[in-house]
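What follows is input-v3.tsv (TSV, C-alpha atoms).
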chain	number	residue	atom	x	y	z
P	1	MET	CA	-14.41	-9.16	8.97
P	2	THR	CA	-10.65	-9.29	8.48
P	3	ASP	CA	-7.66	-8.89	10.79
P	4	ALA	CA	-8.65	-8.02	14.37
P	5	GLY	CA	-12.30	-7.85	13.34
P	6	MET	CA	-11.83	-5.06	10.80
P	7	THR	CA	-14.66	-4.23	8.44
P	8	SER	CA	-14.02	-5.75	5.03
P	9	PHE	CA	-13.69	-3.46	2.03
P	10	ASP	CA	-12.97	-6.31	-0.37
P	11	GLU	CA	-15.64	-5.22	-2.83
P	12	ILE	CA	-13.79	-2.05	-3.83
P	13	TYR	CA	-10.73	-3.86	-5.16
P	14	GLY	CA	-12.47	-5.82	-7.92
P	15	LEU	CA	-14.00	-2.81	-9.67
P	16	PRO	CA	-12.81	-1.76	-13.13
P	17	ASP	CA	-11.47	1.62	-11.96
P	18	PRO	CA	-10.59	3.45	-8.69
P	19	ARG	CA	-13.75	5.53	-8.25
P	20	GLY	CA	-15.32	3.02	-5.88
P	21	TYR	CA	-12.10	2.80	-3.86
P	22	PHE	CA	-11.97	6.52	-3.19
P	23	GLY	CA	-15.72	6.90	-2.80
P	24	ARG	CA	-15.92	4.11	-0.22
P	25	LEU	CA	-12.82	5.00	1.81
P	26	GLY	CA	-13.21	8.77	1.70
P	27	PRO	CA	-15.88	9.00	4.43
P	28	TYR	CA	-13.52	7.13	6.77
P	29	ALA	CA	-10.55	9.44	5.98
P	30	TYR	CA	-8.26	6.64	4.84
P	31	GLN	CA	-4.83	8.28	4.70
P	32	THR	CA	-1.93	5.82	4.98
P	33	PRO	CA	-0.69	6.28	1.39
P	34	GLY	CA	-0.43	10.01	2.09
P	35	HIS	CA	1.71	9.38	5.17
P	36	ALA	CA	3.86	6.96	3.17
P	37	GLN	CA	4.45	9.35	0.27
P	38	PRO	CA	7.41	11.32	1.71
P	39	VAL	CA	8.91	8.18	3.27
P	40	PHE	CA	8.81	6.19	0.04
P	41	ARG	CA	10.13	9.13	-1.99
P	42	ALA	CA	13.09	9.54	0.35
P	43	LEU	CA	13.91	5.83	0.19
P	44	ALA	CA	13.55	5.75	-3.61
P	45	ALA	CA	15.95	8.69	-3.88
P	46	GLU	CA	18.61	6.57	-2.19
P	47	LEU	CA	18.39	3.73	-4.71
P	48	ALA	CA	21.41	2.96	-6.85
P	49	PRO	CA	20.88	3.58	-10.59
P	50	GLN	CA	20.76	-0.16	-11.36
P	51	ARG	CA	18.20	-0.75	-8.58
P	52	ARG	CA	15.61	1.93	-9.34
P	53	THR	CA	12.66	-0.46	-9.27
P	54	VAL	CA	10.13	-0.45	-6.43
P	55	ILE	CA	7.85	-3.44	-5.83
P	56	ASP	CA	4.59	-2.43	-4.14
P	57	ILE	CA	2.81	-5.38	-2.50
P	58	CYS	CA	-1.01	-5.29	-2.26
P	59	CYS	CA	-0.83	-2.34	-4.65
P	60	SER	CA	-4.51	-2.30	-5.73
P	61	TYR	CA	-4.99	0.55	-8.25
P	62	GLY	CA	-1.41	1.80	-7.95
P	63	ILE	CA	-2.11	4.52	-5.40
P	64	ASN	CA	1.35	4.35	-3.84
P	65	SER	CA	2.95	4.56	-7.27
P	66	ALA	CA	0.76	7.53	-8.16
P	67	LEU	CA	1.99	9.37	-5.07
P	68	LEU	CA	5.60	8.24	-5.43
P	69	ASN	CA	6.12	9.13	-9.07
P	70	HIS	CA	3.77	12.08	-9.64
P	71	ASP	CA	3.32	15.56	-8.26
P	72	VAL	CA	-0.03	14.88	-6.65
P	73	THR	CA	-1.34	14.48	-3.10
P	74	LEU	CA	-3.75	11.93	-1.70
P	75	ASP	CA	-6.33	14.66	-1.12
P	76	GLU	CA	-6.06	15.61	-4.77
P	77	LEU	CA	-6.65	12.00	-5.78
P	78	TYR	CA	-9.77	11.87	-3.61
P	79	ALA	CA	-11.03	15.03	-5.33
P	80	HIS	CA	-10.04	13.72	-8.76
P	81	TYR	CA	-11.93	10.43	-8.48
P	82	THR	CA	-15.00	11.61	-6.55
P	83	SER	CA	-15.71	14.69	-8.68
P	84	ARG	CA	-18.94	15.15	-10.58
P	85	GLU	CA	-16.95	15.06	-13.81
P	86	ALA	CA	-15.45	11.67	-12.96
P	87	ALA	CA	-18.86	10.27	-12.05
P	88	GLY	CA	-20.16	10.89	-15.56
P	89	LEU	CA	-17.38	9.02	-17.38
P	90	THR	CA	-17.16	5.45	-18.56
P	91	THR	CA	-14.14	3.47	-17.37
P	92	ALA	CA	-12.54	3.91	-20.81
P	93	GLU	CA	-13.11	7.67	-20.69
P	94	LEU	CA	-11.74	7.85	-17.15
P	95	ALA	CA	-8.64	5.92	-18.23
P	96	ASP	CA	-8.08	8.36	-21.10
P	97	ARG	CA	-8.37	11.26	-18.66
P	98	ASP	CA	-6.04	9.58	-16.20
P	99	ARG	CA	-3.33	8.92	-18.74
P	100	ALA	CA	-3.17	12.65	-19.45
P	101	PHE	CA	-3.56	13.56	-15.77
P	102	TYR	CA	-0.61	11.47	-14.64
P	103	ALA	CA	1.58	12.18	-17.66
P	104	ALA	CA	1.34	15.91	-16.92
P	105	ARG	CA	2.39	15.32	-13.31
P	106	ARG	CA	5.17	12.77	-13.86
P	107	ARG	CA	8.21	13.53	-11.72
P	108	PRO	CA	11.66	13.61	-13.36
P	109	ASP	CA	12.97	11.28	-10.65
P	110	ALA	CA	10.24	8.65	-11.20
P	111	VAL	CA	11.29	5.07	-10.56
P	112	ARG	CA	10.15	1.87	-12.22
P	113	ALA	CA	6.98	0.73	-10.44
P	114	VAL	CA	6.03	-2.94	-10.18
P	115	GLY	CA	2.76	-3.89	-8.52
P	116	VAL	CA	1.73	-7.17	-6.90
P	117	ASP	CA	-1.88	-7.86	-6.04
P	118	VAL	CA	-4.59	-10.52	-6.30
P	119	SER	CA	-7.02	-8.17	-8.09
P	120	GLY	CA	-6.79	-8.39	-11.85
P	121	PRO	CA	-9.04	-5.37	-12.56
P	122	ALA	CA	-7.08	-3.09	-10.23
P	123	LEU	CA	-3.75	-4.11	-11.75
P	124	GLU	CA	-5.04	-3.76	-15.29
P	125	TYR	CA	-6.25	-0.23	-14.64
P	126	ALA	CA	-3.00	0.85	-12.97
P	127	VAL	CA	-0.95	-0.47	-15.89
P	128	ALA	CA	-3.31	1.00	-18.49
P	129	VAL	CA	-3.00	4.55	-17.16
P	130	GLY	CA	0.75	4.39	-16.58
P	131	LEU	CA	0.89	4.10	-12.80
P	132	LEU	CA	2.54	0.69	-12.93
P	133	ASP	CA	5.20	-0.42	-15.38
P	134	GLU	CA	4.23	-4.00	-14.57
P	135	GLY	CA	1.36	-5.57	-12.66
P	136	HIS	CA	1.58	-9.15	-11.39
P	137	ARG	CA	-1.54	-10.95	-10.28
P	138	VAL	CA	-0.23	-13.44	-7.77
P	139	ASP	CA	-0.82	-14.46	-4.15
P	140	LEU	CA	2.74	-14.86	-2.89
P	141	GLU	CA	1.46	-16.47	0.28
P	142	ALA	CA	0.36	-19.45	-1.81
P	143	GLU	CA	2.25	-19.21	-5.11
P	144	GLU	CA	5.76	-18.74	-6.41
P	145	PRO	CA	6.40	-15.58	-8.45
P	146	GLY	CA	6.20	-15.97	-12.20
P	147	GLU	CA	9.03	-15.37	-14.62
P	148	GLY	CA	8.20	-11.69	-15.13
P	149	LEU	CA	8.11	-10.90	-11.43
P	150	ARG	CA	11.33	-12.84	-10.84
P	151	ARG	CA	13.02	-10.79	-13.54
P	152	SER	CA	11.79	-7.53	-12.01
P	153	ALA	CA	12.76	-8.59	-8.49
P	154	ALA	CA	16.32	-9.15	-9.65
P	155	GLY	CA	16.59	-5.46	-10.50
P	156	ALA	CA	14.56	-4.08	-7.60
P	157	GLY	CA	15.88	-1.95	-4.78
P	158	LEU	CA	12.87	-1.59	-2.46
P	159	ILE	CA	9.66	-3.32	-1.41
P	160	THR	CA	6.79	-1.19	-0.12
P	161	VAL	CA	3.45	-2.02	1.48
P	162	THR	CA	0.83	0.18	3.11
P	163	GLY	CA	-2.35	-1.84	3.27
P	164	GLY	CA	-1.58	-5.51	3.27
P	165	THR	CA	0.64	-6.63	6.11
P	166	SER	CA	-2.35	-7.98	8.04
P	167	PHE	CA	-2.79	-10.56	5.28
P	168	LEU	CA	0.88	-11.46	4.85
P	169	THR	CA	3.48	-13.68	6.46
P	170	GLY	CA	7.19	-14.06	5.89
P	171	ARG	CA	6.46	-16.36	2.94
P	172	THR	CA	5.69	-13.42	0.66
P	173	PHE	CA	8.97	-11.70	1.43
P	174	ALA	CA	11.01	-14.89	1.33
P	175	ARG	CA	9.71	-15.64	-2.15
P	176	LEU	CA	10.59	-12.17	-3.39
P	177	PHE	CA	14.05	-12.37	-1.83
P	178	THR	CA	14.63	-15.72	-3.49
P	179	ALA	CA	13.53	-14.28	-6.82
P	180	ALA	CA	15.82	-11.29	-6.36
P	181	GLY	CA	18.75	-13.43	-5.26
P	182	ARG	CA	19.23	-11.22	-2.21
P	183	ALA	CA	17.33	-9.52	0.60
P	184	LEU	CA	15.61	-6.26	-0.37
P	185	PRO	CA	14.82	-3.33	1.93
P	186	VAL	CA	11.18	-3.40	3.05
P	187	ALA	CA	9.20	-0.31	4.07
P	188	ALA	CA	5.89	-1.37	5.62
P	189	PHE	CA	3.19	0.65	7.33
P	190	VAL	CA	1.71	-1.79	9.83
P	191	LEU	CA	-1.55	-1.49	11.74
P	192	ARG	CA	-1.06	-1.52	15.50
P	193	THR	CA	-3.73	-4.21	15.71
P	194	HIS	CA	-1.39	-6.57	13.82
P	195	ASP	CA	1.57	-8.46	15.27
P	196	TYR	CA	4.40	-7.82	12.80
P	197	ARG	CA	7.00	-9.68	14.86
P	198	PRO	CA	6.82	-12.95	12.85
P	199	ILE	CA	7.50	-11.03	9.63
P	200	SER	CA	10.29	-9.08	11.33
P	201	ARG	CA	11.93	-12.35	12.40
P	202	CYS	CA	11.77	-13.58	8.81
P	203	LEU	CA	13.36	-10.37	7.50
P	204	GLU	CA	16.05	-10.52	10.17
P	205	SER	CA	16.84	-14.10	9.18
P	206	TYR	CA	17.94	-12.67	5.81
P	207	GLY	CA	20.34	-10.26	7.49
P	208	LEU	CA	18.09	-7.20	7.56
P	209	THR	CA	17.70	-4.93	10.57
P	210	VAL	CA	14.10	-3.89	11.25
P	211	GLU	CA	13.69	-0.36	12.57
P	212	ARG	CA	10.35	0.27	14.28
P	213	ASP	CA	9.30	3.92	14.19
P	214	GLY	CA	8.26	5.30	17.55
P	215	ALA	CA	5.62	7.58	16.05
P	216	THR	CA	2.27	6.34	14.80
P	217	ARG	CA	0.02	7.76	12.11
P	218	PRO	CA	-3.77	7.54	11.76
P	219	GLN	CA	-4.95	5.08	9.14
P	220	ARG	CA	-8.73	5.61	8.97
P	221	ARG	CA	-11.78	6.17	11.13
P	222	PHE	CA	-13.59	3.18	12.52
P	223	THR	CA	-16.73	2.15	10.70
P	224	ASP	CA	-18.69	1.53	13.91
P	225	PRO	CA	-18.26	1.21	17.70
P	226	GLY	CA	-17.82	-2.55	17.43
P	227	GLU	CA	-14.84	-2.20	15.15
P	228	GLN	CA	-13.33	0.30	17.57
P	229	ARG	CA	-13.82	-2.00	20.56
P	230	ARG	CA	-12.13	-4.88	18.73
P	231	ALA	CA	-9.22	-2.66	17.70
P	232	VAL	CA	-8.70	-1.36	21.23
P	233	ALA	CA	-8.71	-4.93	22.53
P	234	ALA	CA	-6.22	-6.09	19.86
P	235	VAL	CA	-3.85	-3.18	20.48
P	236	THR	CA	-3.99	-3.72	24.24
P	237	ALA	CA	-3.31	-7.45	23.82
P	238	LEU	CA	-0.15	-6.57	21.89
P	239	GLY	CA	1.09	-4.41	24.75
P	240	GLU	CA	0.29	-1.06	23.12
P	241	ASP	CA	-1.61	1.82	24.72
P	242	PRO	CA	-4.74	2.84	22.73
P	243	ALA	CA	-5.10	6.15	24.60
P	244	GLY	CA	-5.22	9.10	22.23
P	245	LYS	CA	-5.11	6.81	19.21
P	246	GLU	CA	-7.58	3.94	18.76
P	247	SER	CA	-9.53	5.25	21.75
P	248	GLN	CA	-10.01	8.50	19.82
P	249	GLY	CA	-11.63	6.81	16.83
P	250	TYR	CA	-8.85	5.90	14.38
P	251	PHE	CA	-6.81	2.87	13.48
P	252	HIS	CA	-3.12	3.77	13.70
P	253	THR	CA	-0.13	2.47	11.74
P	254	ARG	CA	3.59	2.45	12.45
P	255	LEU	CA	6.43	2.36	9.92
P	256	HIS	CA	8.65	-0.72	10.06
P	257	LEU	CA	11.76	-0.27	7.89
P	258	ALA	CA	13.98	-3.26	7.20
P	259	ARG	CA	17.33	-2.66	5.52
Would you encode the structure as structure tokens?
Amino acid sequence: MTDAGMTSFDEIYGLPDPRGYFGRLGPYAYQTPGHAQPVFRALAAELAPQRRTVIDICCSYGINSALLNHDVTLDELYAHYTSREAAGLTTAELADRDRAFYAARRRPDAVRAVGVDVSGPALEYAVAVGLLDEGHRVDLEAEEPGEGLRRSAAGAGLITVTGGTSFLTGRTFARLFTAAGRALPVAAFVLRTHDYRPISRCLESYGLTVERDGATRPQRRFTDPGEQRRAVAAVTALGEDPAGKESQGYFHTRLHLAR
């Protein structure tokens, strides 16, 4: 179990390609990257020319970068990676197919994409097929960023995260801000079972204002009744109302935008 007693999906992040990720999460209708797509695109469009680098924390196989920089939807990615054709390919063959797939869908307004994650295989695949310009295997909760990440942070204009805030504290953001030499805007989709206030206080200490969206968006279905009960209890303990959201069978996220 992970945050608030969530079912662990750790095994899908160490695979050599994304087929296991989409195959495992598909039955639970995992959808946060799809909700984030228009938000991240709008924020990227506002970046100054010298700051057109986005750092995606807990990036796994580069899903957010795929949706940000390519004309593709999350549903299309599910279909792409769970198809019968994909199932019959080796990882090398899938990577060849993906390079052509993403190159044909590359948006003219694509930004430089830098990924941070603890999974080497996921980062390697995302870089190999062109979803990430750089992938940095580092746990910023425990380690300082390396030279390459520090260099990229200095030219970055935005930090994004959709699936990792439950595992993060302000240390990760403080280290990136120090590397950049300034505070960076942070767009985070945060589970309602997670208390984001400590991270918000860290961001505010750097002069950022954290805007908390009033609307919520479904993240995924619960894996079992026990997971749902734990989520309802966690949301209630944080002063939120689970009615119509967690009580209806889905985790929910809320956008927190610091800028």
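Comparing P:Tyr102, P:Tyr125, P:Tyr250, P:Tyr196 by their smallest distance to Ala66 (chain P), the closest is P:Tyr102 (using only C-alpha atoms).
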- Note on the structure: Restricting to all atoms listed in the file, whichever of P:Val232, P:Ala237, P:Leu77, P:Leu140 is closest to Gly249 (chain P) is P:Val232
- Have a look at CA of Gln219 (chain P) and CA of Pro145 (chain P) and let me know their distance in Å, one decimal. 29.4 Å
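Using only C-alpha atoms, the contacts of region 132-138 of chain P at a cut-off of 6 Å, with sequence neighbours closer than 5 positions omitted, comprise Ala113, Val114, Gly115, Val116, Asp117, Val118, Leu123, Ala126 and Val127 of chain P.
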- Please indicate the distance in Å from CA of Ile57 (chain P) to CA of Thr162 (chain P), rounded to one decimal place. 8.1 Å
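Distances from P:Leu255, P:Leu149, P:Ala188, P:Ile12 to Leu176 (chain P) were compared using all atoms listed in the file, and the smallest one belongs to P:Leu149.
Closest approach to Glu124 (chain P) from the set P:Ala153, P:Ala180, P:Arg254, P:Thr91 is made by P:Thr91, with distances taken over all atoms listed in the file.
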Show me, as AutoDock Vina command-line options, the centre and edge lengths in Å to one decimal of the axis-aligned box that covers every listed atom of region 160-170 of chain P with 3 Å on each side.
--center_x 2.2 --center_y -6.9 --center_z 4.0 --size_x 16.0 --size_y 20.2 --size_z 14.2
- Query: CA of Arg150 (chain P) and CA of Thr253 (chain P), how far apart in Å?
  - Reply: 29.6 Å
- Item | Expected residue set, 10 Å radius at (5.3, -11.0, 4.2), all atoms listed in the file, as a PyMOL selection string | chain P and resi 57+140-141+161+164-176+186+188+196+198-200+202-203
Residues of region 24-112 of chain P that have any atom at most 12 Å from an atom of region 189-195 of chain P: could you tabulate them with the shortest-distance atom pair and the distance in Å to one decimal, using only C-alpha atoms, ordered by chain and increasing number, as CSV?
residue,atom,partner,partner_atom,distance
P:Gln31,CA,P:Phe189,CA,11.4
P:Thr32,CA,P:Phe189,CA,7.6
P:Pro33,CA,P:Phe189,CA,9.1
P:Gly34,CA,P:Phe189,CA,11.3
P:His35,CA,P:Phe189,CA,9.1
P:Ala36,CA,P:Phe189,CA,7.6
P:Gln37,CA,P:Phe189,CA,11.3
P:Val39,CA,P:Phe189,CA,10.3
P:Phe40,CA,P:Phe189,CA,10.7
P:Asp56,CA,P:Phe189,CA,12.0
P:Ile57,CA,P:Phe189,CA,11.5
P:Asn64,CA,P:Phe189,CA,11.9
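Closest to Ala233 (chain P) among P:Thr209, P:Thr53, P:Ser247, P:Ser60 is P:Ser247, based on only C-alpha atoms.
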Which residues of region 23-126 of chain P come within 10 Å of region 8-11 of chain P, and what is each one's closest atom pair and distance in Å (one decimal), counting all atoms listed in the file, sorted by chain and residue number, as a Markdown table?
| residue | atom | partner | partner_atom | distance |
| --- | --- | --- | --- | --- |
| P:Arg24 | CA | P:Phe9 | CA | 8.2 |
| P:Leu25 | CA | P:Phe9 | CA | 8.5 |
| P:Ser119 | CA | P:Asp10 | CA | 9.9 |
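Of the residues listed (P:Ala103, P:Met6, P:Ala29, P:Leu184), P:Leu184 shows the shortest atom-to-atom separation from Arg51 (chain P); distances use only C-alpha atoms.
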Nearby residues (only C-alpha atoms) at most 9 Å from Asp17 (chain P), same-chain spacing under 4 positions excluded, as a compact mmCIF listing (two decimals) with C-alpha atoms, keeping the file's coordinate frame:
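Resulting contents of selection10.txt:
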# COMPACT_ATOMS: atom_id res chain seq x y z
CA TYR P 13 -10.73 -3.86 -5.16
CA TYR P 21 -12.10 2.80 -3.86
CA TYR P 61 -4.99 0.55 -8.25
CA THR P 91 -14.14 3.47 -17.37
CA LEU P 94 -11.74 7.85 -17.15
CA ALA P 95 -8.64 5.92 -18.23
CA PRO P 121 -9.04 -5.37 -12.56
CA ALA P 122 -7.08 -3.09 -10.23
CA TYR P 125 -6.25 -0.23 -14.64
CA ALA P 126 -3.00 0.85 -12.97
Would you mind completing region 174-185 of chain P to all heavy atoms and writing the output as an mmCIF file, keeping the file's coordinate frame?
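Saved file out_21.cif follows:
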data_model
loop_
_atom_site.group_PDB
_atom_site.id
_atom_site.type_symbol
_atom_site.label_atom_id
_atom_site.label_comp_id
_atom_site.auth_asym_id
_atom_site.auth_seq_id
_atom_site.Cartn_x
_atom_site.Cartn_y
_atom_site.Cartn_z
ATOM 1 N N ALA P 174 10.012 -13.877 1.642
ATOM 2 C CA ALA P 174 11.010 -14.890 1.330
ATOM 3 C C ALA P 174 10.989 -15.236 -0.154
ATOM 4 O O ALA P 174 12.046 -15.414 -0.782
ATOM 5 C CB ALA P 174 10.769 -16.144 2.170
ATOM 6 N N ARG P 175 9.803 -15.317 -0.729
ATOM 7 C CA ARG P 175 9.710 -15.640 -2.150
ATOM 8 C C ARG P 175 10.260 -14.518 -3.019
ATOM 9 O O ARG P 175 10.916 -14.767 -4.037
ATOM 10 C CB ARG P 175 8.261 -15.964 -2.516
ATOM 11 C CG ARG P 175 7.847 -17.360 -2.054
ATOM 12 C CD ARG P 175 6.399 -17.683 -2.329
ATOM 13 N NE ARG P 175 6.174 -19.117 -2.183
ATOM 14 C CZ ARG P 175 5.096 -19.668 -1.637
ATOM 15 N NH1 ARG P 175 4.113 -18.898 -1.184
ATOM 16 N NH2 ARG P 175 4.991 -20.975 -1.552
ATOM 17 N N LEU P 176 10.029 -13.288 -2.629
ATOM 18 C CA LEU P 176 10.590 -12.170 -3.390
ATOM 19 C C LEU P 176 12.104 -12.110 -3.229
ATOM 20 O O LEU P 176 12.829 -11.823 -4.197
ATOM 21 C CB LEU P 176 9.953 -10.860 -2.935
ATOM 22 C CG LEU P 176 8.525 -10.614 -3.430
ATOM 23 C CD1 LEU P 176 7.943 -9.353 -2.794
ATOM 24 C CD2 LEU P 176 8.484 -10.492 -4.956
ATOM 25 N N PHE P 177 12.602 -12.375 -2.038
ATOM 26 C CA PHE P 177 14.050 -12.370 -1.830
ATOM 27 C C PHE P 177 14.722 -13.473 -2.655
ATOM 28 O O PHE P 177 15.792 -13.273 -3.231
ATOM 29 C CB PHE P 177 14.381 -12.575 -0.348
ATOM 30 C CG PHE P 177 13.965 -11.444 0.552
ATOM 31 C CD1 PHE P 177 14.024 -11.592 1.932
ATOM 32 C CD2 PHE P 177 13.515 -10.240 0.035
ATOM 33 C CE1 PHE P 177 13.664 -10.557 2.783
ATOM 34 C CE2 PHE P 177 13.137 -9.192 0.880
ATOM 35 C CZ PHE P 177 13.210 -9.359 2.254
ATOM 36 N N THR P 178 14.084 -14.628 -2.693
ATOM 37 C CA THR P 178 14.630 -15.720 -3.490
ATOM 38 C C THR P 178 14.654 -15.352 -4.968
ATOM 39 O O THR P 178 15.640 -15.604 -5.677
ATOM 40 C CB THR P 178 13.813 -17.003 -3.284
ATOM 41 O OG1 THR P 178 13.871 -17.388 -1.903
ATOM 42 C CG2 THR P 178 14.331 -18.142 -4.136
ATOM 43 N N ALA P 179 13.591 -14.707 -5.426
ATOM 44 C CA ALA P 179 13.530 -14.280 -6.820
ATOM 45 C C ALA P 179 14.597 -13.241 -7.123
ATOM 46 O O ALA P 179 15.205 -13.240 -8.199
ATOM 47 C CB ALA P 179 12.143 -13.718 -7.132
ATOM 48 N N ALA P 180 14.836 -12.355 -6.159
ATOM 49 C CA ALA P 180 15.820 -11.290 -6.360
ATOM 50 C C ALA P 180 17.254 -11.801 -6.222
ATOM 51 O O ALA P 180 18.185 -11.172 -6.719
ATOM 52 C CB ALA P 180 15.586 -10.166 -5.355
ATOM 53 N N GLY P 181 17.415 -12.914 -5.522
ATOM 54 C CA GLY P 181 18.750 -13.430 -5.260
ATOM 55 C C GLY P 181 19.433 -12.738 -4.109
ATOM 56 O O GLY P 181 20.640 -12.928 -3.893
ATOM 57 N N ARG P 182 18.677 -11.954 -3.347
ATOM 58 C CA ARG P 182 19.230 -11.220 -2.210
ATOM 59 C C ARG P 182 18.068 -10.648 -1.401
ATOM 60 O O ARG P 182 16.936 -10.567 -1.913
ATOM 61 C CB ARG P 182 20.144 -10.085 -2.663
ATOM 62 C CG ARG P 182 19.408 -8.992 -3.391
ATOM 63 C CD ARG P 182 20.309 -8.033 -4.125
ATOM 64 N NE ARG P 182 19.589 -6.871 -4.595
ATOM 65 C CZ ARG P 182 18.728 -6.863 -5.605
ATOM 66 N NH1 ARG P 182 18.475 -7.970 -6.277
ATOM 67 N NH2 ARG P 182 18.114 -5.749 -5.955
ATOM 68 N N ALA P 183 18.345 -10.204 -0.195
ATOM 69 C CA ALA P 183 17.330 -9.520 0.600
ATOM 70 C C ALA P 183 17.162 -8.096 0.091
ATOM 71 O O ALA P 183 18.127 -7.435 -0.284
ATOM 72 C CB ALA P 183 17.738 -9.492 2.069
ATOM 73 N N LEU P 184 15.924 -7.628 0.054
ATOM 74 C CA LEU P 184 15.610 -6.260 -0.370
ATOM 75 C C LEU P 184 15.128 -5.455 0.832
ATOM 76 O O LEU P 184 14.456 -5.996 1.713
ATOM 77 C CB LEU P 184 14.516 -6.261 -1.437
ATOM 78 C CG LEU P 184 14.822 -6.974 -2.741
ATOM 79 C CD1 LEU P 184 13.567 -7.021 -3.610
ATOM 80 C CD2 LEU P 184 15.946 -6.287 -3.481
ATOM 81 N N PRO P 185 15.423 -4.166 0.890
ATOM 82 C CA PRO P 185 14.820 -3.330 1.930
ATOM 83 C C PRO P 185 13.298 -3.382 1.836
ATOM 84 O O PRO P 185 12.734 -3.438 0.732
ATOM 85 C CB PRO P 185 15.350 -1.933 1.609
ATOM 86 C CG PRO P 185 16.591 -2.159 0.817
ATOM 87 C CD PRO P 185 16.339 -3.401 0.023
#
